file work-v7.cif (mmCIF, C-alpha atoms)
data_start
#
loop_
_atom_site.label_atom_id
_atom_site.label_comp_id
_atom_site.auth_asym_id
_atom_site.auth_seq_id
_atom_site.Cartn_x
_atom_site.Cartn_y
_atom_site.Cartn_z
CA MET R 1 -12.37 -4.61 -8.76
CA VAL R 2 -9.82 -1.86 -8.20
CA ASP R 3 -10.67 -0.04 -11.41
CA SER R 4 -14.44 -0.41 -11.00
CA GLY R 5 -14.76 2.39 -8.43
CA THR R 6 -17.30 0.23 -6.59
CA TYR R 7 -15.00 -0.21 -3.62
CA GLY R 8 -13.74 3.35 -3.21
CA GLU R 9 -9.97 3.61 -2.92
CA LEU R 10 -9.36 -0.14 -3.02
CA ARG R 11 -5.82 -1.20 -3.89
CA ALA R 12 -4.72 -4.75 -4.69
CA THR R 13 -1.39 -6.43 -5.23
CA VAL R 14 -0.46 -9.94 -6.28
CA GLY R 15 2.97 -10.05 -4.68
CA HIS R 16 3.62 -13.76 -4.97
CA LEU R 17 2.87 -16.08 -7.87
CA ALA R 18 4.32 -19.56 -8.22
CA VAL R 19 3.26 -22.16 -10.77
CA HIS R 20 4.09 -25.84 -10.90
CA PRO R 21 5.82 -27.36 -12.79
CA ASP R 22 7.04 -23.89 -13.93
CA LEU R 23 8.07 -24.97 -17.41
CA THR R 24 7.74 -22.80 -20.51
CA ASN R 25 5.54 -25.08 -22.60
CA ILE R 26 3.57 -26.88 -19.87
CA VAL R 27 0.13 -25.85 -18.60
CA PRO R 28 0.59 -25.54 -14.84
CA ALA R 29 -1.08 -28.16 -12.67
CA ARG R 30 -1.00 -25.84 -9.66
CA ALA R 31 -0.66 -22.12 -9.02
CA GLU R 32 -0.17 -20.35 -5.72
CA LEU R 33 -0.61 -16.61 -5.31
CA THR R 34 -1.18 -13.97 -2.69
CA VAL R 35 -3.67 -11.13 -3.00
CA ASP R 36 -3.14 -8.09 -0.76
CA LEU R 37 -6.20 -5.83 -0.55
CA ARG R 38 -6.08 -2.41 1.11
CA ASN R 39 -8.76 0.21 1.57
CA PRO R 40 -9.24 3.20 3.88
CA ASP R 41 -12.95 2.36 4.13
CA ASP R 42 -13.48 -0.71 6.32
CA VAL R 43 -17.06 -1.25 5.06
CA ARG R 44 -15.99 -1.17 1.39
CA MET R 45 -13.02 -3.37 2.28
CA ALA R 46 -15.32 -6.00 3.78
CA ARG R 47 -17.50 -5.88 0.68
CA ALA R 48 -14.45 -6.26 -1.57
CA GLU R 49 -13.31 -9.30 0.42
CA GLU R 50 -16.80 -10.85 0.18
CA ASP R 51 -17.02 -10.17 -3.55
CA LEU R 52 -13.55 -11.61 -4.17
CA ALA R 53 -14.53 -14.77 -2.28
CA ALA R 54 -17.76 -15.00 -4.29
CA PHE R 55 -15.82 -14.57 -7.55
CA LEU R 56 -13.44 -17.35 -6.57
CA CYS R 57 -16.40 -19.65 -5.85
CA THR R 58 -17.96 -18.78 -9.21
CA LEU R 59 -14.63 -19.41 -10.94
CA GLU R 60 -14.20 -22.78 -9.23
CA ASN R 61 -17.78 -23.88 -9.87
CA GLY R 62 -17.66 -22.83 -13.51
CA THR R 63 -14.32 -24.41 -14.39
CA PRO R 64 -14.23 -28.22 -14.57
CA GLY R 65 -11.20 -29.66 -12.79
CA LEU R 66 -10.37 -26.43 -10.96
CA THR R 67 -10.06 -26.56 -7.19
CA LEU R 68 -9.39 -23.42 -5.16
CA THR R 69 -8.24 -23.10 -1.59
CA ALA R 70 -8.13 -19.69 0.05
CA ARG R 71 -7.03 -18.60 3.49
CA ARG R 72 -6.55 -15.25 5.16
CA MET R 73 -2.96 -14.70 6.18
CA ALA R 74 -3.44 -11.36 7.95
CA LYS R 75 -5.88 -8.49 8.38
CA THR R 76 -5.06 -5.00 9.54
CA ALA R 77 -7.65 -2.29 10.04
CA TYR R 78 -7.09 1.00 8.25
CA VAL R 79 -5.25 3.57 10.39
CA PRO R 80 -5.80 7.18 9.31
CA PHE R 81 -2.95 9.61 9.77
CA ASP R 82 -3.33 13.03 11.34
CA GLU R 83 -4.36 15.72 8.85
CA SER R 84 -2.50 18.50 10.65
CA VAL R 85 0.75 16.51 10.57
CA GLN R 86 0.18 15.72 6.89
CA LYS R 87 -0.30 19.46 6.24
CA ALA R 88 2.90 20.25 8.13
CA ILE R 89 4.78 17.75 5.96
CA ALA R 90 3.32 19.27 2.78
CA GLN R 91 4.26 22.77 3.98
CA ALA R 92 7.81 21.59 4.72
CA ALA R 93 8.09 20.18 1.20
CA ASP R 94 6.80 23.50 -0.17
CA ASP R 95 9.35 25.35 1.99
CA HIS R 96 12.11 23.37 0.30
CA GLY R 97 10.64 23.83 -3.19
CA LEU R 98 9.95 20.11 -3.57
CA GLU R 99 7.17 18.54 -5.58
CA HIS R 100 4.95 16.31 -3.47
CA ILE R 101 1.74 14.33 -3.53
CA SER R 102 -0.41 12.86 -0.81
CA LEU R 103 -0.31 9.06 -0.84
CA LEU R 104 -2.67 6.53 0.64
CA SER R 105 -0.56 3.85 2.29
CA GLY R 106 -1.93 0.76 3.94
CA ALA R 107 1.52 -0.51 4.71
CA GLY R 108 2.12 -1.84 8.21
CA HIS R 109 4.82 0.60 9.18
CA ASP R 110 5.62 1.44 12.80
CA ALA R 111 3.67 4.65 12.25
CA GLN R 112 0.44 2.64 12.38
CA GLU R 113 1.23 1.65 15.94
CA ILE R 114 2.40 5.13 16.95
CA ALA R 115 -0.81 6.65 15.52
CA ALA R 116 -2.73 5.12 18.42
CA LEU R 117 -0.58 7.18 20.82
CA CYS R 118 -0.08 10.53 19.11
CA PRO R 119 -0.67 12.49 15.89
CA THR R 120 1.27 10.70 13.16
CA ALA R 121 1.99 10.76 9.43
CA MET R 122 4.78 9.51 7.17
CA VAL R 123 7.27 11.02 4.75
CA PHE R 124 7.97 8.92 1.67
CA VAL R 125 11.03 9.50 -0.50
CA ARG R 126 10.79 9.43 -4.29
CA GLY R 127 12.06 6.22 -5.85
CA GLU R 128 13.73 5.87 -9.22
CA TYR R 129 11.60 3.05 -10.62
CA ASP R 130 7.99 4.28 -10.88
CA GLY R 131 7.29 3.89 -7.19
CA ILE R 132 8.31 0.24 -6.96
CA SER R 133 8.84 -0.72 -3.34
CA HIS R 134 9.59 -3.77 -1.23
CA ASN R 135 11.55 -5.09 -4.18
CA PRO R 136 15.29 -5.51 -4.83
CA ARG R 137 15.00 -2.83 -7.56
CA GLU R 138 13.76 -0.23 -5.09
CA TYR R 139 16.20 2.66 -5.10
CA SER R 140 16.15 6.29 -4.03
CA THR R 141 19.07 8.55 -4.85
CA PRO R 142 21.15 10.08 -2.05
CA GLU R 143 19.73 13.46 -3.12
CA ALA R 144 16.14 12.22 -2.76
CA CYS R 145 16.96 10.80 0.66
CA ALA R 146 18.53 14.12 1.68
CA HIS R 147 15.33 15.91 0.57
CA GLY R 148 13.34 13.49 2.73
CA VAL R 149 15.55 14.26 5.72
CA ASP R 150 15.14 18.00 5.07
CA VAL R 151 11.35 17.65 4.97
CA LEU R 152 11.31 15.53 8.10
CA ALA R 153 13.58 17.91 10.03
CA THR R 154 11.58 20.97 8.96
CA THR R 155 8.32 19.24 9.89
CA LEU R 156 9.62 18.21 13.31
CA LEU R 157 10.94 21.71 14.02
CA ARG R 158 7.63 23.28 12.97
CA LEU R 159 5.57 20.86 15.06
CA ALA R 160 7.87 21.27 18.08
CA THR R 161 7.77 25.06 18.00
CA GLN R 162 4.29 25.81 16.65
CA GLY R 163 2.31 22.66 17.22
CA PRO R 164 -0.01 21.19 14.60
CA SER R 165 -1.87 23.77 12.53
#

call {"tool": "encode", "arguments": {"input": "work-v7.cif", "output": "structure tokens"}}
result
Amino acid sequence: MVDSGTYGELRATVGHLAVHPDLTNIVPARAELTVDLRNPDDVRMARAEEDLAAFLCTLENGTPGLTLTARRMAKTAYVPFDESVQKAIAQAADDHGLEHISLLSGAGHDAQEIAALCPTAMVFVRGEYDGISHNPREYSTPEACAHGVDVLATTLLRLATQGPS
């Protein structure tokens, strides 16, 4: 679904997978997994959720002995960040000679709540392991963290003295 392009900028993660009896040479009798879908387009997100549910029904109906149970654990609407603040962050990174990219994050950071009150965006710091996050292997060097602080401080100073551009 993610690679199809049908759902726009859909992202999906299976963050939890547990099988029982969890033995090397035994076909599992039960599997439990989570699927986290994120999309900046609420309409395409709803369609992705409907199509995933339909696929699961097709899978269950077409596989003798398979029973599926699904439940929604949470749903958070997409919160767009302020373009002028994002531009100020990019300019601050440029000022410090740092490479940067714009990321789409559906993560439930505090910034999602603050965005309802004022212009908001986030600064992410480069990790050492191909962008892995929310994982014990997540690690950013002290230098990368210092660069993040520099970008944040420069952004805040620019916004405080010039306002969003």

call {"tool": "resolve_selection", "arguments": {"input": "work-v7.cif", "expression": "the PyMOL selection byres ((chain R and resi 145-162) around 7)", "output": "list of chain:residue names"}}
result
R:Ala88, R:Ile89, R:Ala92, R:Ala93, R:Val123, R:Val125, R:Ser140, R:Thr141, R:Pro142, R:Glu143, R:Ala144, R:Gly163, R:Pro164

call {"tool": "closest_residue", "arguments": {"input": "work-v7.cif", "among": "R:Cys57, R:Val19, R:Leu68, R:Leu104", "to": "Asn39 in chain R", "atoms": "all atoms listed in the file"}}
result
R:Leu104

call {"tool": "atom_distance", "arguments": {"input": "work-v7.cif", "atom1": "CA of Arg44 in chain R", "atom2": "CA of Met73 in chain R"}}
result
19.4 Å

call {"tool": "resolve_selection", "arguments": {"input": "work-v7.cif", "expression": "the PyMOL selection byres ((chain R and resi 2-6) around 10)", "output": "list of chain:residue names"}}
result
R:Met1, R:Tyr7, R:Gly8, R:Glu9, R:Leu10, R:Arg11, R:Ala12, R:Leu37, R:Arg44, R:Arg47, R:Ala48

call {"tool": "closest_residue", "arguments": {"input": "work-v7.cif", "among": "R:Ala54, R:Ala70, R:Met122, R:Leu98", "to": "Gln86 in chain R", "atoms": "all atoms listed in the file"}}
result
R:Met122

call {"tool": "closest_residue", "arguments": {"input": "work-v7.cif", "among": "R:Leu17, R:Val27, R:Ala46, R:Cys118", "to": "Pro80 in chain R", "atoms": "all atoms listed in the file"}}
result
R:Cys118

call {"tool": "atom_distance", "arguments": {"input": "work-v7.cif", "atom1": "CA of Pro40 in chain R", "atom2": "CA of Ile132 in chain R"}}
result
20.8 Å

call {"tool": "atom_distance", "arguments": {"input": "work-v7.cif", "atom1": "CA of Ile26 in chain R", "atom2": "CA of Glu60 in chain R"}}
result
21.1 Å

call {"tool": "resolve_selection", "arguments": {"input": "work-v7.cif", "expression": "the PyMOL selection byres ((chain R and resi 109-112) around 10)", "output": "list in words"}}
result
Thr76, Ala77, Tyr78, Val79, Pro80, Phe81, Ser105, Gly106, Ala107, Gly108, Glu113, Ile114, Ala115, Ala116, Leu117, Cys118, Pro119, Thr120, Ala121 and Met122 of chain R

call {"tool": "write_last_selection", "arguments": {"input": "work-v7.cif", "atoms": "C-alpha atoms", "output": "PDB file, keeping the file's coordinate frame"}}
result
ATOM      1  CA  THR R  76      -5.060  -5.000   9.540  1.00  0.00           C
ATOM      2  CA  ALA R  77      -7.650  -2.290  10.040  1.00  0.00           C
ATOM      3  CA  TYR R  78      -7.090   1.000   8.250  1.00  0.00           C
ATOM      4  CA  VAL R  79      -5.250   3.570  10.390  1.00  0.00           C
ATOM      5  CA  PRO R  80      -5.800   7.180   9.310  1.00  0.00           C
ATOM      6  CA  PHE R  81      -2.950   9.610   9.770  1.00  0.00           C
ATOM      7  CA  SER R 105      -0.560   3.850   2.290  1.00  0.00           C
ATOM      8  CA  GLY R 106      -1.930   0.760   3.940  1.00  0.00           C
ATOM      9  CA  ALA R 107       1.520  -0.510   4.710  1.00  0.00           C
ATOM     10  CA  GLY R 108       2.120  -1.840   8.210  1.00  0.00           C
ATOM     11  CA  GLU R 113       1.230   1.650  15.940  1.00  0.00           C
ATOM     12  CA  ILE R 114       2.400   5.130  16.950  1.00  0.00           C
ATOM     13  CA  ALA R 115      -0.810   6.650  15.520  1.00  0.00           C
ATOM     14  CA  ALA R 116      -2.730   5.120  18.420  1.00  0.00           C
ATOM     15  CA  LEU R 117      -0.580   7.180  20.820  1.00  0.00           C
ATOM     16  CA  CYS R 118      -0.080  10.530  19.110  1.00  0.00           C
ATOM     17  CA  PRO R 119      -0.670  12.490  15.890  1.00  0.00           C
ATOM     18  CA  THR R 120       1.270  10.700  13.160  1.00  0.00           C
ATOM     19  CA  ALA R 121       1.990  10.760   9.430  1.00  0.00           C
ATOM     20  CA  MET R 122       4.780   9.510   7.170  1.00  0.00           C
TER      21      MET R 122
END

call {"tool": "build_atoms", "arguments": {"input": "work-v7.cif", "residues": "range 80-110 of chain R", "atoms": "N, CA and C atoms", "output": "PDB file, in the frame of the given file"}}
result
ATOM      1  N   PRO R  80      -5.966   5.866   9.941  1.00  0.00           N
ATOM      2  CA  PRO R  80      -5.800   7.180   9.310  1.00  0.00           C
ATOM      3  C   PRO R  80      -4.696   7.978   9.995  1.00  0.00           C
ATOM      4  N   PHE R  81      -3.966   8.745   9.211  1.00  0.00           N
ATOM      5  CA  PHE R  81      -2.950   9.610   9.770  1.00  0.00           C
ATOM      6  C   PHE R  81      -3.520  10.999  10.020  1.00  0.00           C
ATOM      7  N   ASP R  82      -2.873  11.731  10.896  1.00  0.00           N
ATOM      8  CA  ASP R  82      -3.330  13.030  11.340  1.00  0.00           C
ATOM      9  C   ASP R  82      -3.223  14.070  10.223  1.00  0.00           C
ATOM     10  N   GLU R  83      -4.333  14.729   9.930  1.00  0.00           N
ATOM     11  CA  GLU R  83      -4.360  15.720   8.850  1.00  0.00           C
ATOM     12  C   GLU R  83      -3.436  16.902   9.114  1.00  0.00           C
ATOM     13  N   SER R  84      -3.352  17.342  10.362  1.00  0.00           N
ATOM     14  CA  SER R  84      -2.500  18.500  10.650  1.00  0.00           C
ATOM     15  C   SER R  84      -1.015  18.146  10.466  1.00  0.00           C
ATOM     16  N   VAL R  85      -0.636  16.928  10.789  1.00  0.00           N
ATOM     17  CA  VAL R  85       0.750  16.510  10.570  1.00  0.00           C
ATOM     18  C   VAL R  85       1.006  16.359   9.071  1.00  0.00           C
ATOM     19  N   GLN R  86       0.042  15.834   8.340  1.00  0.00           N
ATOM     20  CA  GLN R  86       0.180  15.720   6.890  1.00  0.00           C
ATOM     21  C   GLN R  86       0.345  17.102   6.255  1.00  0.00           C
ATOM     22  N   LYS R  87      -0.427  18.085   6.749  1.00  0.00           N
ATOM     23  CA  LYS R  87      -0.300  19.460   6.240  1.00  0.00           C
ATOM     24  C   LYS R  87       1.060  20.041   6.566  1.00  0.00           C
ATOM     25  N   ALA R  88       1.572  19.745   7.749  1.00  0.00           N
ATOM     26  CA  ALA R  88       2.900  20.250   8.130  1.00  0.00           C
ATOM     27  C   ALA R  88       3.973  19.650   7.224  1.00  0.00           C
ATOM     28  N   ILE R  89       3.824  18.389   6.874  1.00  0.00           N
ATOM     29  CA  ILE R  89       4.780  17.750   5.960  1.00  0.00           C
ATOM     30  C   ILE R  89       4.702  18.409   4.588  1.00  0.00           C
ATOM     31  N   ALA R  90       3.489  18.631   4.090  1.00  0.00           N
ATOM     32  CA  ALA R  90       3.320  19.270   2.780  1.00  0.00           C
ATOM     33  C   ALA R  90       3.921  20.681   2.789  1.00  0.00           C
ATOM     34  N   GLN R  91       3.701  21.419   3.873  1.00  0.00           N
ATOM     35  CA  GLN R  91       4.260  22.770   3.980  1.00  0.00           C
ATOM     36  C   GLN R  91       5.783  22.725   3.996  1.00  0.00           C
ATOM     37  N   ALA R  92       6.353  21.730   4.686  1.00  0.00           N
ATOM     38  CA  ALA R  92       7.810  21.590   4.720  1.00  0.00           C
ATOM     39  C   ALA R  92       8.352  21.303   3.322  1.00  0.00           C
ATOM     40  N   ALA R  93       7.660  20.456   2.576  1.00  0.00           N
ATOM     41  CA  ALA R  93       8.090  20.180   1.200  1.00  0.00           C
ATOM     42  C   ALA R  93       8.012  21.453   0.363  1.00  0.00           C
ATOM     43  N   ASP R  94       6.923  22.217   0.535  1.00  0.00           N
ATOM     44  CA  ASP R  94       6.800  23.500  -0.170  1.00  0.00           C
ATOM     45  C   ASP R  94       7.935  24.439   0.214  1.00  0.00           C
ATOM     46  N   ASP R  95       8.268  24.483   1.507  1.00  0.00           N
ATOM     47  CA  ASP R  95       9.350  25.350   1.990  1.00  0.00           C
ATOM     48  C   ASP R  95      10.660  25.046   1.283  1.00  0.00           C
ATOM     49  N   HIS R  96      10.869  23.785   0.950  1.00  0.00           N
ATOM     50  CA  HIS R  96      12.110  23.370   0.300  1.00  0.00           C
ATOM     51  C   HIS R  96      11.979  23.334  -1.225  1.00  0.00           C
ATOM     52  N   GLY R  97      10.838  23.789  -1.738  1.00  0.00           N
ATOM     53  CA  GLY R  97      10.640  23.830  -3.190  1.00  0.00           C
ATOM     54  C   GLY R  97      10.538  22.455  -3.823  1.00  0.00           C
ATOM     55  N   LEU R  98      10.028  21.493  -3.077  1.00  0.00           N
ATOM     56  CA  LEU R  98       9.950  20.110  -3.570  1.00  0.00           C
ATOM     57  C   LEU R  98       8.543  19.765  -4.021  1.00  0.00           C
ATOM     58  N   GLU R  99       8.463  19.071  -5.144  1.00  0.00           N
ATOM     59  CA  GLU R  99       7.170  18.540  -5.580  1.00  0.00           C
ATOM     60  C   GLU R  99       6.748  17.458  -4.611  1.00  0.00           C
ATOM     61  N   HIS R 100       5.434  17.350  -4.374  1.00  0.00           N
ATOM     62  CA  HIS R 100       4.950  16.310  -3.470  1.00  0.00           C
ATOM     63  C   HIS R 100       3.503  15.963  -3.793  1.00  0.00           C
ATOM     64  N   ILE R 101       3.124  14.780  -3.407  1.00  0.00           N
ATOM     65  CA  ILE R 101       1.740  14.330  -3.530  1.00  0.00           C
ATOM     66  C   ILE R 101       1.359  13.638  -2.232  1.00  0.00           C
ATOM     67  N   SER R 102       0.079  13.585  -1.965  1.00  0.00           N
ATOM     68  CA  SER R 102      -0.410  12.860  -0.810  1.00  0.00           C
ATOM     69  C   SER R 102      -0.672  11.418  -1.249  1.00  0.00           C
ATOM     70  N   LEU R 103      -0.149  10.473  -0.492  1.00  0.00           N
ATOM     71  CA  LEU R 103      -0.310   9.060  -0.840  1.00  0.00           C
ATOM     72  C   LEU R 103      -1.162   8.360   0.208  1.00  0.00           C
ATOM     73  N   LEU R 104      -1.937   7.409  -0.257  1.00  0.00           N
ATOM     74  CA  LEU R 104      -2.670   6.530   0.640  1.00  0.00           C
ATOM     75  C   LEU R 104      -1.820   5.282   0.818  1.00  0.00           C
ATOM     76  N   SER R 105      -1.375   5.024   2.036  1.00  0.00           N
ATOM     77  CA  SER R 105      -0.560   3.850   2.290  1.00  0.00           C
ATOM     78  C   SER R 105      -1.239   2.973   3.320  1.00  0.00           C
ATOM     79  N   GLY R 106      -1.393   1.719   2.979  1.00  0.00           N
ATOM     80  CA  GLY R 106      -1.930   0.760   3.940  1.00  0.00           C
ATOM     81  C   GLY R 106      -0.826  -0.104   4.498  1.00  0.00           C
ATOM     82  N   ALA R 107       0.387   0.297   4.261  1.00  0.00           N
ATOM     83  CA  ALA R 107       1.520  -0.510   4.710  1.00  0.00           C
ATOM     84  C   ALA R 107       1.593  -0.555   6.225  1.00  0.00           C
ATOM     85  N   GLY R 108       2.074  -1.653   6.758  1.00  0.00           N
ATOM     86  CA  GLY R 108       2.120  -1.840   8.210  1.00  0.00           C
ATOM     87  C   GLY R 108       3.371  -1.281   8.847  1.00  0.00           C
ATOM     88  N   HIS R 109       3.649  -0.029   8.593  1.00  0.00           N
ATOM     89  CA  HIS R 109       4.820   0.600   9.180  1.00  0.00           C
ATOM     90  C   HIS R 109       4.616   0.850  10.673  1.00  0.00           C
ATOM     91  N   ASP R 110       5.699   1.130  11.371  1.00  0.00           N
ATOM     92  CA  ASP R 110       5.620   1.440  12.800  1.00  0.00           C
ATOM     93  C   ASP R 110       4.665   2.601  13.062  1.00  0.00           C
TER      94      ASP R 110
END
